[in-house]
$ cat start17.txt   # compact mmCIF, C-alpha atoms
# COMPACT_ATOMS: atom_id res chain seq x y z
CA MET J 1162 -0.65 6.27 76.17
CA GLN J 1163 2.31 4.44 74.63
CA LYS J 1164 2.82 2.57 77.91
CA PHE J 1165 -0.74 1.26 77.75
CA VAL J 1166 -0.28 0.06 74.13
CA ILE J 1167 2.88 -1.84 75.09
CA GLU J 1168 1.16 -3.34 78.13
CA ASP J 1169 -1.82 -4.33 75.99
CA CYS J 1170 0.46 -6.06 73.44
CA PHE J 1171 2.33 -7.82 76.21
CA THR J 1172 -0.89 -9.04 77.85
CA LYS J 1173 -2.14 -10.30 74.47
CA PHE J 1174 1.14 -12.12 73.88
CA ILE J 1175 1.02 -13.81 77.31
CA ARG J 1176 -2.61 -14.80 76.78
CA GLN J 1177 -1.77 -16.22 73.35
CA PHE J 1178 1.24 -18.06 74.76
CA ASN J 1179 -0.85 -19.55 77.55
CA SER J 1180 -3.58 -20.69 75.18
CA ASN J 1181 -0.95 -22.40 73.01
CA LEU J 1182 0.62 -23.93 76.08
CA LEU J 1183 -2.78 -25.27 77.09
CA LEU J 1184 -2.65 -27.39 73.96
CA VAL J 1185 -0.11 -29.49 75.82
CA LEU J 1186 -1.03 -28.76 79.44
CA GLY J 1187 -4.68 -29.58 78.81
CA LEU J 1188 -3.75 -33.19 77.98
CA SER J 1189 -4.61 -36.09 80.23
CA THR J 1190 -2.14 -37.26 82.88
CA SER J 1191 -1.46 -40.47 80.99
CA THR J 1192 -0.67 -38.60 77.76
CA LYS J 1193 1.58 -36.18 79.60
CA LYS J 1194 3.39 -39.18 81.11
CA TRP J 1195 4.03 -40.69 77.64
CA LEU J 1196 5.13 -37.34 76.20
CA SER J 1197 7.55 -36.92 79.13
CA ILE J 1198 8.96 -40.39 78.43
CA SER J 1199 9.34 -39.44 74.75
CA LEU J 1200 11.19 -36.26 75.67
CA ALA J 1201 13.42 -38.15 78.10
CA ALA J 1202 14.14 -40.76 75.39
CA ILE J 1203 15.42 -37.98 73.13
CA ILE J 1204 17.23 -35.79 75.65
CA LEU J 1205 19.03 -38.43 77.73
CA PRO J 1206 20.96 -40.34 75.00
CA ILE J 1207 21.80 -37.16 73.07
CA THR J 1208 23.05 -35.37 76.21
CA VAL J 1209 25.15 -38.37 77.29
CA LEU J 1210 26.64 -38.71 73.78
CA ALA J 1211 27.44 -35.00 73.56
CA THR J 1212 29.05 -35.13 77.03
CA LEU J 1213 31.15 -38.20 76.09
CA LYS J 1214 32.17 -36.54 72.83
CA PHE J 1215 33.19 -33.21 74.36
CA SER J 1216 34.88 -34.74 77.39
CA GLY J 1217 37.14 -36.68 75.00
CA ILE J 1218 35.96 -40.14 76.11
CA LEU J 1219 34.73 -40.80 72.56
CA PRO J 1220 37.81 -40.30 70.35
CA GLU J 1221 38.06 -37.58 67.74
CA PRO J 1222 38.89 -38.54 64.11
CA GLN J 1223 42.64 -39.08 63.65
CA GLN J 1224 44.89 -36.96 61.46
CA PRO J 1225 47.23 -39.30 59.55
CA GLU J 1226 50.98 -38.92 60.09
CA THR J 1227 52.47 -37.97 56.71
CA ILE J 1228 55.69 -39.52 55.41
CA THR J 1229 57.00 -37.94 52.19
CA LEU J 1230 59.58 -40.00 50.34
CA GLU J 1231 62.31 -38.74 48.04
CA ALA J 1232 61.14 -37.97 44.51
CA ILE J 1233 62.15 -40.36 41.73
CA LYS J 1234 63.17 -38.67 38.49
CA TRP J 1235 62.98 -39.77 34.89
CA GLU J 1236 64.07 -37.86 31.82
CA PHE J 1237 63.53 -38.50 28.17
CA THR J 1238 64.66 -36.54 25.11
CA ARG J 1239 61.90 -36.04 22.57
CA PRO J 1240 62.80 -37.88 19.37
CA ASN J 1241 61.62 -36.98 15.85
CA GLN J 1242 59.91 -40.31 15.40
CA THR J 1243 57.57 -42.73 17.15
CA VAL J 1244 59.47 -45.00 19.54
CA ASP J 1245 58.68 -47.81 21.98
CA ILE J 1246 60.11 -47.03 25.41
CA PHE J 1247 58.99 -49.89 27.69
CA TYR J 1248 60.53 -48.37 30.80
CA VAL J 1249 59.27 -48.72 34.36
CA VAL J 1250 59.84 -45.82 36.77
CA GLU J 1251 59.30 -47.48 40.11
CA ALA J 1252 59.64 -47.10 43.85
CA PHE J 1253 59.51 -49.59 46.68
CA TYR J 1254 58.52 -48.86 50.27
CA ASN J 1255 58.67 -51.36 53.09
CA ASN J 1256 58.24 -50.02 56.61
CA ASP J 1257 55.91 -50.24 59.62
CA GLY J 1258 54.09 -53.26 58.18
CA LEU J 1259 53.36 -51.60 54.84
CA THR J 1260 54.80 -52.83 51.56
CA ALA J 1261 53.99 -50.58 48.61
CA SER J 1262 55.28 -50.39 45.07
CA PRO J 1263 54.04 -47.43 43.02
CA GLU J 1264 55.09 -47.65 39.39
CA ILE J 1265 54.77 -45.73 36.14
CA HIS J 1266 55.09 -47.93 33.08
CA ILE J 1267 56.04 -45.79 30.13
CA TRP J 1268 55.06 -47.63 26.99
CA ASP J 1269 55.70 -45.47 23.95
CA TYR J 1270 56.17 -42.00 22.50
CA VAL J 1271 54.12 -41.22 19.41
CA ASP J 1272 55.44 -38.46 17.17
CA ARG J 1273 52.94 -36.61 14.99
CA PRO J 1274 53.35 -33.64 12.63
CA TYR J 1275 53.20 -30.38 14.60
CA GLY J 1276 50.06 -28.33 13.95
CA GLY J 1277 47.98 -31.34 12.94
CA TYR J 1278 44.74 -32.56 14.48
CA TYR J 1279 46.52 -35.06 16.76
CA TYR J 1280 49.32 -34.27 19.23
CA ASP J 1281 52.55 -35.99 20.20
CA SER J 1282 51.84 -38.26 23.13
CA LEU J 1283 53.47 -40.42 25.76
CA TYR J 1284 51.38 -43.36 26.88
CA MET J 1285 51.91 -44.55 30.45
CA GLU J 1286 50.29 -46.87 32.88
CA ILE J 1287 49.93 -45.78 36.50
CA ARG J 1288 50.15 -48.77 38.78
CA THR J 1289 50.29 -49.34 42.51
CA ASN J 1290 50.33 -52.33 44.78
CA ALA J 1291 50.08 -52.18 48.57
CA THR J 1292 49.97 -54.76 51.35
CA VAL J 1293 49.60 -54.17 55.08
CA ALA J 1294 51.15 -57.08 56.99
CA ILE J 1295 49.57 -56.28 60.37
CA SER J 1296 46.59 -58.28 61.64
CA ASN J 1297 44.15 -55.37 62.10
CA GLY J 1298 45.79 -52.97 59.64
CA PHE J 1299 44.26 -52.01 56.30
CA VAL J 1300 44.57 -49.76 53.26
CA GLU J 1301 42.26 -46.77 53.79
CA ASN J 1302 42.62 -44.91 50.49
CA VAL J 1303 44.87 -44.18 47.54
CA TYR J 1304 45.00 -40.76 45.88
CA ILE J 1305 47.08 -40.36 42.72
CA THR J 1306 47.66 -36.90 41.23
CA LEU J 1307 49.31 -35.92 37.96
CA HIS J 1308 50.44 -32.25 38.09
CA LYS J 1309 51.66 -30.91 34.75
CA ASP J 1310 52.87 -27.76 33.04
CA ASN J 1311 50.21 -25.56 31.46
CA GLN J 1312 51.02 -26.40 27.84
CA SER J 1313 50.51 -30.16 27.94
CA SER J 1314 47.40 -32.09 28.92
CA ILE J 1315 46.51 -35.45 30.44
CA GLY J 1316 43.98 -37.72 28.82
CA LEU J 1317 42.93 -40.61 30.99
CA ALA J 1318 42.23 -43.92 29.34
CA ILE J 1319 39.35 -44.44 31.77
CA ALA J 1320 36.82 -42.23 30.02
CA ARG J 1321 34.48 -45.09 30.76
CA LYS J 1322 34.50 -46.51 34.31
CA LEU J 1323 35.56 -49.87 32.91
CA ASP J 1324 39.02 -49.22 31.58
CA TYR J 1325 40.98 -49.73 34.74
CA ASP J 1326 42.00 -52.60 36.92
CA ALA J 1327 41.46 -52.47 40.68
CA GLU J 1328 41.50 -55.02 43.46
CA ASN J 1329 39.94 -54.13 46.84
CA LEU J 1330 39.78 -50.49 45.78
CA SER J 1331 36.77 -48.57 44.61
CA LEU J 1332 37.21 -45.65 42.21
CA ILE J 1333 35.39 -42.75 43.91
CA ASP J 1334 36.33 -40.05 41.47
CA PHE J 1335 38.78 -39.31 38.63
CA SER J 1336 39.62 -36.53 36.22
CA GLY J 1337 41.88 -35.83 33.25
CA ALA J 1338 43.48 -32.42 32.80
CA SER J 1339 43.21 -30.16 29.76
CA THR J 1340 45.83 -27.53 28.97
CA TRP J 1341 44.15 -24.97 31.28
CA GLY J 1342 43.59 -27.49 34.11
CA SER J 1343 46.48 -28.07 36.48
CA LYS J 1344 46.06 -31.70 37.55
CA ALA J 1345 44.55 -35.04 36.75
CA TYR J 1346 43.73 -37.44 39.57
CA PHE J 1347 42.40 -40.81 40.68
CA ASN J 1348 40.64 -41.00 44.05
CA LEU J 1349 40.34 -44.57 45.36
CA LYS J 1350 38.94 -45.95 48.60
CA GLY J 1351 39.70 -49.30 50.22
CA MET J 1352 36.73 -51.65 50.07
CA GLY J 1353 35.97 -53.41 53.37
CA GLN J 1354 39.26 -52.46 55.07
CA PRO J 1355 41.49 -54.55 52.77
CA ARG J 1356 44.97 -55.69 53.76
CA SER J 1357 46.12 -55.62 50.15
CA ALA J 1358 45.12 -53.42 47.24
CA TYR J 1359 46.02 -52.97 43.58
CA PHE J 1360 45.23 -50.33 40.98
CA SER J 1361 46.23 -49.84 37.37
CA ALA J 1362 45.02 -47.33 34.76
CA GLY J 1363 46.34 -45.84 31.53
CA ALA J 1364 47.02 -42.17 30.85
CA PHE J 1365 48.09 -40.19 27.78
CA TRP J 1366 50.42 -37.26 28.31
CA LEU J 1367 49.58 -35.08 25.32
CA LEU J 1368 52.25 -32.64 24.10
CA PRO J 1369 50.77 -30.12 21.64
CA THR J 1370 54.10 -28.37 20.99
CA PRO J 1371 57.04 -28.64 18.56
CA ASN J 1372 59.65 -31.30 19.38
CA SER J 1373 62.04 -28.66 20.69
CA GLN J 1374 59.72 -27.87 23.61
CA THR J 1375 60.37 -29.29 27.12
CA HIS J 1376 57.55 -30.50 29.41
CA TRP J 1377 57.28 -31.72 32.99
CA LEU J 1378 54.87 -33.92 34.88
CA ASN J 1379 54.83 -34.59 38.64
CA VAL J 1380 53.03 -37.76 39.63
CA SER J 1381 52.27 -38.29 43.32
CA PHE J 1382 51.02 -41.49 44.94
CA GLU J 1383 49.40 -40.84 48.34
CA LEU J 1384 48.61 -44.02 50.23
CA THR J 1385 46.81 -43.82 53.57
CA TYR J 1386 46.81 -46.93 55.74
CA TYR J 1387 46.02 -47.99 59.29
CA ASN J 1388 48.81 -49.84 61.10
CA GLY J 1389 46.68 -51.15 63.97
CA THR J 1390 47.14 -48.11 66.21
CA ALA J 1391 47.31 -45.04 63.94
CA TYR J 1392 46.74 -43.79 60.41
CA LYS J 1393 49.76 -43.01 58.23
CA LYS J 1394 50.00 -41.40 54.83
CA VAL J 1395 52.94 -42.28 52.59
CA ILE J 1396 53.59 -39.91 49.68
CA GLN J 1397 55.82 -41.05 46.84
CA PRO J 1398 56.49 -38.31 44.24
CA PHE J 1399 57.77 -38.92 40.69
CA GLN J 1400 59.17 -36.22 38.39
CA LEU J 1401 58.94 -36.93 34.67
CA ASN J 1402 60.67 -34.59 32.22
CA VAL J 1403 60.45 -34.69 28.48
CA ILE J 1404 63.38 -32.64 27.14
CA GLY J 1405 63.06 -30.80 23.86
CA GLY J 1406 65.17 -32.46 21.17
CA MET P 532 -4.57 -7.63 56.10
CA VAL P 533 -5.44 -8.11 59.78
CA ASN P 534 -8.14 -10.58 58.77
CA VAL P 535 -5.67 -12.55 56.64
CA ILE P 536 -3.20 -12.75 59.55
CA TYR P 537 -6.03 -13.71 61.92
CA GLY P 538 -7.29 -16.36 59.49
CA PHE P 539 -3.80 -17.74 59.03
CA ARG P 540 -3.33 -17.86 62.82
CA VAL P 541 -6.62 -19.69 63.34
CA CYS P 542 -5.74 -22.20 60.59
CA PHE P 543 -2.28 -22.76 61.99
CA LEU P 544 -3.58 -23.25 65.55
CA SER P 545 -6.24 -25.73 64.43
CA PHE P 546 -3.53 -27.48 62.39
CA LEU P 547 -1.34 -27.64 65.52
CA ARG P 548 -4.24 -28.82 67.68
CA SER P 549 -5.07 -31.69 65.34
CA CYS P 550 -1.35 -32.69 65.31
CA VAL P 551 -1.11 -32.65 69.12
CA LYS P 552 -4.43 -34.51 69.46
CA ALA P 553 -3.31 -37.25 67.05
CA LEU P 554 0.07 -37.53 68.77
CA SER P 555 -1.45 -37.60 72.26
CA GLU P 556 -3.79 -40.43 71.26
CA ARG P 557 -0.76 -42.55 70.35
CA GLY P 558 1.45 -41.34 73.21
CA SER P 559 2.58 -44.80 74.29
CA LEU P 560 3.54 -45.85 70.74
CA LEU P 561 5.35 -42.55 70.23
CA ALA P 562 7.29 -43.05 73.46
CA PHE P 563 8.13 -46.65 72.51
CA PHE P 564 9.47 -45.64 69.06
CA ASN P 565 11.43 -42.74 70.56
CA ILE P 566 13.07 -45.14 73.01
CA VAL P 567 13.80 -47.66 70.22
CA PHE P 568 15.25 -45.06 67.86
CA PHE P 569 17.37 -42.97 70.21
CA CYS P 570 18.59 -45.91 72.30
CA SER P 571 19.60 -47.84 69.13
CA PHE P 572 21.43 -44.74 67.90
CA PHE P 573 23.16 -44.30 71.27
CA VAL P 574 24.20 -47.96 71.50
CA VAL P 575 25.54 -48.05 67.91
CA VAL P 576 27.67 -44.89 68.42
CA LEU P 577 29.16 -46.43 71.57
CA VAL P 578 29.66 -49.95 70.18
CA ALA P 579 31.25 -48.59 66.97
CA GLN P 580 34.07 -47.14 69.13
CA PHE P 581 35.05 -50.66 70.18
CA LEU P 582 34.30 -52.57 66.96
CA PHE P 583 35.86 -50.27 64.39
CA PRO P 584 39.23 -48.50 64.18
CA PRO P 585 39.19 -44.78 65.02
CA PRO P 586 37.76 -42.71 62.16
CA LEU P 587 40.11 -40.93 59.78
CA TYR P 588 40.01 -37.13 59.79
CA SER P 589 38.81 -35.66 56.53
CA SER P 590 39.69 -32.07 55.63
CA GLU P 591 36.90 -31.96 53.07
CA PRO P 592 33.63 -30.48 54.37
CA PRO P 593 30.74 -32.94 54.56
CA ILE P 594 28.76 -31.88 51.51
CA ILE P 595 25.98 -33.89 49.94
CA SER P 596 27.37 -35.01 46.62
CA TRP P 597 24.22 -36.87 45.56
CA VAL P 598 21.99 -33.83 45.01
CA PRO P 599 21.27 -33.40 41.27
CA PHE P 600 22.13 -29.65 41.19
CA PRO P 601 24.89 -27.34 42.48
CA VAL P 602 24.94 -27.16 46.30
CA GLY P 603 25.24 -23.35 46.02
CA ASP P 604 21.53 -22.99 45.24
CA TRP P 605 20.11 -22.86 48.79
CA PHE P 606 16.44 -22.81 47.83
CA MET P 607 16.72 -25.87 45.58
CA LEU P 608 18.75 -27.59 48.29
CA PHE P 609 16.02 -26.86 50.86
CA VAL P 610 13.26 -28.12 48.54
CA TRP P 611 15.27 -31.23 47.59
CA VAL P 612 16.08 -32.10 51.21
CA PHE P 613 12.46 -31.61 52.30
CA VAL P 614 10.84 -33.49 49.41
CA PHE P 615 13.36 -36.37 49.51
CA ASN P 616 13.01 -36.79 53.28
CA LEU P 617 9.21 -36.63 53.14
CA VAL P 618 8.56 -38.80 50.10
CA VAL P 619 11.38 -41.33 50.20
CA SER P 620 12.78 -41.47 53.75
CA ALA P 621 9.55 -40.94 55.72
CA PHE P 622 6.69 -42.12 53.52
CA ALA P 623 8.10 -44.80 51.21
CA VAL P 624 10.58 -46.37 53.61
CA VAL P 625 9.04 -46.00 57.08
CA THR P 626 5.26 -45.54 56.66
CA LEU P 627 4.48 -47.50 53.50
CA SER P 628 6.45 -50.52 54.69
CA GLY P 629 4.46 -50.43 57.96
CA ILE P 630 1.16 -50.25 56.07
CA VAL P 631 2.14 -53.45 54.24
CA PHE P 632 3.21 -55.23 57.43
CA PHE P 633 3.21 -53.20 60.66
CA PRO P 634 6.54 -54.40 62.26
CA PHE P 635 8.40 -53.16 59.16
CA SER P 636 8.00 -49.54 60.34
CA ALA P 637 9.85 -50.29 63.58
CA GLY P 638 12.41 -52.37 61.63
CA PHE P 639 13.24 -49.65 59.13
CA LEU P 640 13.28 -47.02 61.88
CA THR P 641 15.85 -49.07 63.82
CA TYR P 642 17.84 -49.66 60.63
CA ARG P 643 18.02 -45.88 60.10
CA ALA P 644 19.14 -45.38 63.72
CA VAL P 645 21.93 -47.94 63.17
CA LEU P 646 23.05 -46.24 59.93
CA TRP P 647 23.06 -42.83 61.58
CA GLY P 648 24.96 -44.22 64.55
CA LEU P 649 27.66 -45.54 62.20
CA LEU P 650 27.78 -42.18 60.43
CA PHE P 651 27.88 -40.09 63.61
CA TYR P 652 30.60 -42.04 65.38
CA SER P 653 33.14 -40.81 62.82
CA LEU P 654 32.24 -37.11 63.09
CA PRO P 655 34.47 -34.57 64.85
CA SER P 656 32.90 -32.87 67.91
CA SER P 657 32.31 -29.55 66.10
CA VAL P 658 30.42 -31.19 63.22
CA PHE P 659 28.59 -33.46 65.68
CA LEU P 660 27.31 -30.39 67.51
CA ALA P 661 26.35 -28.65 64.25
CA VAL P 662 24.27 -31.56 62.94
CA LEU P 663 22.59 -32.37 66.27
CA PRO P 664 19.50 -30.13 65.73
CA THR P 665 18.91 -31.66 62.29
CA LEU P 666 19.32 -35.15 63.75
CA ILE P 667 16.73 -34.54 66.49
CA LEU P 668 14.13 -32.90 64.22
CA GLU P 669 14.51 -35.41 61.38
CA SER P 670 14.55 -38.40 63.74
CA GLU P 671 11.37 -37.22 65.45
CA ALA P 672 9.70 -36.89 62.03
CA TYR P 673 10.64 -40.51 61.19
CA VAL P 674 9.41 -41.65 64.63
CA VAL P 675 6.00 -40.03 63.97
CA ALA P 676 6.00 -41.53 60.43
CA ALA P 677 6.65 -44.95 62.00
CA VAL P 678 3.72 -44.42 64.41
CA ALA P 679 1.49 -43.63 61.40
CA GLY P 680 2.70 -46.70 59.50
CA THR P 681 2.24 -48.99 62.49
CA VAL P 682 -1.28 -47.71 63.24
CA VAL P 683 -2.45 -48.20 59.63
CA GLY P 684 -0.64 -51.55 59.33
CA LEU P 685 -2.14 -52.79 62.57
CA SER P 686 -5.63 -51.58 61.66
CA TRP P 687 -6.17 -54.14 58.89
CA VAL P 688 -4.32 -56.98 60.64
CA LYS P 689 -6.02 -56.66 64.05
CA PRO P 690 -8.59 -53.82 64.27
CA SER P 691 -9.28 -54.50 67.96
CA LEU P 692 -5.65 -53.79 68.79
CA ALA P 693 -5.48 -50.61 66.70
CA PHE P 694 -8.71 -49.17 68.16
CA LYS P 695 -9.24 -50.76 71.58
CA TYR P 696 -12.61 -49.41 72.59
CA LYS P 697 -14.32 -49.48 69.21
CA GLU P 698 -16.04 -52.34 67.41
CA LEU P 699 -14.91 -51.78 63.85
CA SER P 700 -14.79 -53.87 60.69
CA ARG P 701 -11.42 -54.35 58.99
CA LEU P 702 -12.24 -51.78 56.29
CA GLY P 703 -13.73 -49.32 58.80
CA SER P 704 -10.70 -49.63 61.01
CA PHE P 705 -8.36 -49.16 58.04
CA MET P 706 -10.21 -46.02 56.89
CA MET P 707 -10.15 -44.59 60.43
CA ALA P 708 -6.42 -45.37 60.75
CA LEU P 709 -5.75 -43.65 57.41
CA LYS P 710 -7.52 -40.53 58.70
CA GLU P 711 -5.43 -40.65 61.88
CA ALA P 712 -2.26 -41.14 59.85
CA GLY P 713 -3.19 -38.03 57.87
CA HIS P 714 -3.26 -35.99 61.10
CA LEU P 715 0.03 -37.57 62.20
CA TYR P 716 1.57 -36.65 58.86
CA LYS P 717 0.85 -32.98 59.58
CA ALA P 718 3.38 -33.30 62.40
CA VAL P 719 5.80 -35.12 60.05
CA VAL P 720 5.55 -32.27 57.51
CA LEU P 721 6.10 -29.61 60.20
CA LEU P 722 9.10 -31.42 61.67
CA LEU P 723 10.64 -32.10 58.24
CA LEU P 724 10.15 -28.46 57.20
CA ALA P 725 12.01 -27.37 60.33
CA ALA P 726 14.67 -30.06 59.76
CA ALA P 727 15.18 -29.03 56.10
CA THR P 728 15.58 -25.38 57.14
CA VAL P 729 18.14 -26.26 59.81
CA GLU P 730 19.93 -28.72 57.49
CA THR P 731 20.22 -26.14 54.67
CA ILE P 732 21.66 -23.58 57.09
CA THR P 733 24.04 -26.22 58.51
CA ILE P 734 25.28 -27.29 55.07
CA PHE P 735 25.91 -23.67 54.07
CA SER P 736 27.73 -22.86 57.30
CA LEU P 737 29.88 -26.02 57.06
CA THR P 738 30.81 -25.62 53.39

$ encode --input "start17.txt" --output "structure tokens"
Amino acid sequence: MQKFVIEDCFTKFIRQFNSNLLLVLGLSTSTKKWLSISLAAIILPITVLATLKFSGILPEPQQPETITLEAIKWEFTRPNQTVDIFYVVEAFYNNDGLTASPEIHIWDYVDRPYGGYYYDSLYMEIRTNATVAISNGFVENVYITLHKDNQSSIGLAIARKLDYDAENLSLIDFSGASTWGSKAYFNLKGMGQPRSAYFSAGAFWLLPTPNSQTHWLNVSFELTYYNGTAYKKVIQPFQLNVIGG
Amino acid sequence: MVNVIYGFRVCFLSFLRSCVKALSERGSLLAFFNIVFFCSFFVVVLVAQFLFPPPLYSSEPPIISWVPFPVGDWFMLFVWVFVFNLVVSAFAVVTLSGIVFFPFSAGFLTYRAVLWGLLFYSLPSSVFLAVLPTLILESEAYVVAAVAGTVVGLSWVKPSLAFKYKELSRLGSFMMALKEAGHLYKAVVLLLLAAATVETITIFSLT
């Protein structure tokens, strides 16, 4: 009995399938010809592309070779008053056709009464300049991160997308960092494969602690460029320490 | 319950029949647009290898950052992808432009093939394979949308060319072409529904 039910279902399914198939098979020869051409137009290029891709004839995306440079350190003892600093913590890299100069311009330290509405702060300007001196080389992207301890915070001066200066770089994304956030960052992309690029933006390092407290901030400039044959990523770290007075 | 299922089946089959009939009537145009689209895409992917430097590997998954809600909501993502592709990408860009002036449909279709070619050349093999079903379904939907746009656009410019064996006035031809485009759009909706389903699954599996 059960066998007959299964057979009946199967026969119904085949009949249904055939009637649906007749939708296509019942078409005129000319229509079938055009539909076959349509199918061939889809299948052929896609199959050839997939074959070229998987056989390795079409290249895979390149992983950049990473070069990490020695960290540059700067220390400053927290004073009990507001002071102008005007100090430039800078690095210079010149290799493989790339000239880059990441810099942190430290402008001033503002001292405010502890426990008040406003915090002590260090105002700095993050700046970078890069040039690729190879005919078909270019700056691909620049990624700047500001990692900090969990008591201080980073306020970026570019709350609006106007308060920064960039040449041949487009600001894709950026973020400040509150006390519970771990890092602030700027994500920049080269516009039209530029051979030179420049970026500058302000940042406040906010220190909501008494003057005796020490804080640290690690700034990292990651510059990815193409040297005509391969991608390379140069990482220049900076370590800033504000020592409790 | 059985009647509901039977009714639904009958409706769906008549829906499919009208799609296939409309497509078969414009078989040559469909074949032409398929050749234009997929060959342009193929050529651009190949040419990009020689014109541009090799693409840079990105560790970040390819997520769509332009959707106005969190990507985690799969149903909203599906609805957004389907509605955006149907209203903006298929209707406004490909069909409507063709209704205004019929070669625009082919132009915008080719432009999309070029853009997709430039996007696909930089993808790693694994991602390329994952997005291939979405590419085929969505492309076919735009090809059918271009056929609809061209038919309607041609109907008011040269009715004799749009409907060869019928003596029709400009308005009569336009109305008839609109009706035909309606049937063609059933196929566009079906293809885009399938494409949105596959694309949502692909985005979730890749992220």

$ interface_residues --input "start17.txt" --of "chain J" --to "chain P" --cutoff "8 Å" --atoms "all atoms listed in the file" --output "PDB file with C-alpha atoms, in the coordinates of the input"
ATOM      1  CA  ASN J1181      -0.950 -22.400  73.010  1.00  0.00           C
ATOM      2  CA  LEU J1184      -2.650 -27.390  73.960  1.00  0.00           C
ATOM      3  CA  VAL J1185      -0.110 -29.490  75.820  1.00  0.00           C
ATOM      4  CA  LEU J1188      -3.750 -33.190  77.980  1.00  0.00           C
ATOM      5  CA  THR J1192      -0.670 -38.600  77.760  1.00  0.00           C
ATOM      6  CA  TRP J1195       4.030 -40.690  77.640  1.00  0.00           C
ATOM      7  CA  LEU J1196       5.130 -37.340  76.200  1.00  0.00           C
ATOM      8  CA  ILE J1198       8.960 -40.390  78.430  1.00  0.00           C
ATOM      9  CA  SER J1199       9.340 -39.440  74.750  1.00  0.00           C
ATOM     10  CA  ALA J1202      14.140 -40.760  75.390  1.00  0.00           C
ATOM     11  CA  ILE J1203      15.420 -37.980  73.130  1.00  0.00           C
ATOM     12  CA  PRO J1206      20.960 -40.340  75.000  1.00  0.00           C
ATOM     13  CA  ILE J1207      21.800 -37.160  73.070  1.00  0.00           C
ATOM     14  CA  LEU J1210      26.640 -38.710  73.780  1.00  0.00           C
ATOM     15  CA  ALA J1211      27.440 -35.000  73.560  1.00  0.00           C
ATOM     16  CA  LYS J1214      32.170 -36.540  72.830  1.00  0.00           C
ATOM     17  CA  PHE J1215      33.190 -33.210  74.360  1.00  0.00           C
ATOM     18  CA  LEU J1219      34.730 -40.800  72.560  1.00  0.00           C
ATOM     19  CA  PRO J1220      37.810 -40.300  70.350  1.00  0.00           C
ATOM     20  CA  GLU J1221      38.060 -37.580  67.740  1.00  0.00           C
ATOM     21  CA  PRO J1222      38.890 -38.540  64.110  1.00  0.00           C
ATOM     22  CA  GLN J1223      42.640 -39.080  63.650  1.00  0.00           C
ATOM     23  CA  GLN J1224      44.890 -36.960  61.460  1.00  0.00           C
ATOM     24  CA  PRO J1225      47.230 -39.300  59.550  1.00  0.00           C
ATOM     25  CA  GLY J1389      46.680 -51.150  63.970  1.00  0.00           C
ATOM     26  CA  TYR J1392      46.740 -43.790  60.410  1.00  0.00           C
TER      27      TYR J1392
END

$ closest_residue --input "start17.txt" --among "J:Thr1292, J:Tyr1284, J:Gly1342, J:Asn1241" --to "His1308 of chain J" --atoms "all atoms listed in the file"
J:Gly1342

$ atom_distance --input "start17.txt" --atom1 "atom CA of Tyr537 of chain P" --atom2 "atom CA of Leu668 of chain P"
27.9 Å

$ atom_distance --input "start17.txt" --atom1 "atom CA of Pro1371 of chain J" --atom2 "atom CA of Met1285 of chain J"
20.5 Å

$ closest_residue --input "start17.txt" --among "P:Leu702, P:Ala708, P:Leu722, P:Ala693" --to "Val674 of chain P" --atoms "only C-alpha atoms"
P:Leu722

$ residues_around --input "start17.txt" --residues "segment 604-621 of chain P" --least-positions-apart "5" --cutoff "10 Å" --atoms "only C-alpha atoms" --output "ChimeraX atom specification"
/P:595,598-599,626-627,636,639-640,643,669-670,672-677,680,716,719-720,722-732,734-735

$ closest_residue --input "start17.txt" --among "J:Thr1390, J:Ser1191, J:Thr1370, J:Thr1229" --to "Gly1277 of chain J" --atoms "all atoms listed in the file"
J:Thr1370

$ residues_around --input "start17.txt" --residues "Ala1232 of chain J" --least-positions-apart "4" --cutoff "7 Å" --atoms "only C-alpha atoms" --output "PyMOL selection string"
chain J and resi 1397-1400

$ atom_distance --input "start17.txt" --atom1 "atom CA of Asn1297 of chain J" --atom2 "atom CA of Leu1332 of chain J"
23.2 Å

$ decode --input "start17.txt" --residues "segment 1188-1205 of chain J" --atoms "C-alpha atoms" --output "PDB file, in the first residue's frame"
ATOM      1  CA  LEU J1188       9.051  27.161 -27.386  1.00  0.00           C
ATOM      2  CA  SER J1189       9.755  27.690 -31.053  1.00  0.00           C
ATOM      3  CA  THR J1190      13.119  26.681 -32.522  1.00  0.00           C
ATOM      4  CA  SER J1191      14.111  30.301 -33.028  1.00  0.00           C
ATOM      5  CA  THR J1192      13.344  31.193 -29.401  1.00  0.00           C
ATOM      6  CA  LYS J1193      15.244  28.161 -28.157  1.00  0.00           C
ATOM      7  CA  LYS J1194      18.191  29.266 -30.304  1.00  0.00           C
ATOM      8  CA  TRP J1195      18.200  32.757 -28.714  1.00  0.00           C
ATOM      9  CA  LEU J1196      17.826  31.339 -25.203  1.00  0.00           C
ATOM     10  CA  SER J1197      20.761  28.997 -25.874  1.00  0.00           C
ATOM     11  CA  ILE J1198      22.842  31.967 -27.029  1.00  0.00           C
ATOM     12  CA  SER J1199      21.840  33.839 -23.848  1.00  0.00           C
ATOM     13  CA  LEU J1200      22.885  30.905 -21.687  1.00  0.00           C
ATOM     14  CA  ALA J1201      26.173  30.566 -23.568  1.00  0.00           C
ATOM     15  CA  ALA J1202      26.790  34.325 -23.144  1.00  0.00           C
ATOM     16  CA  ILE J1203      26.494  33.880 -19.369  1.00  0.00           C
ATOM     17  CA  ILE J1204      28.249  30.546 -18.904  1.00  0.00           C
ATOM     18  CA  LEU J1205      31.259  31.007 -21.201  1.00  0.00           C
TER      19      LEU J1205
END
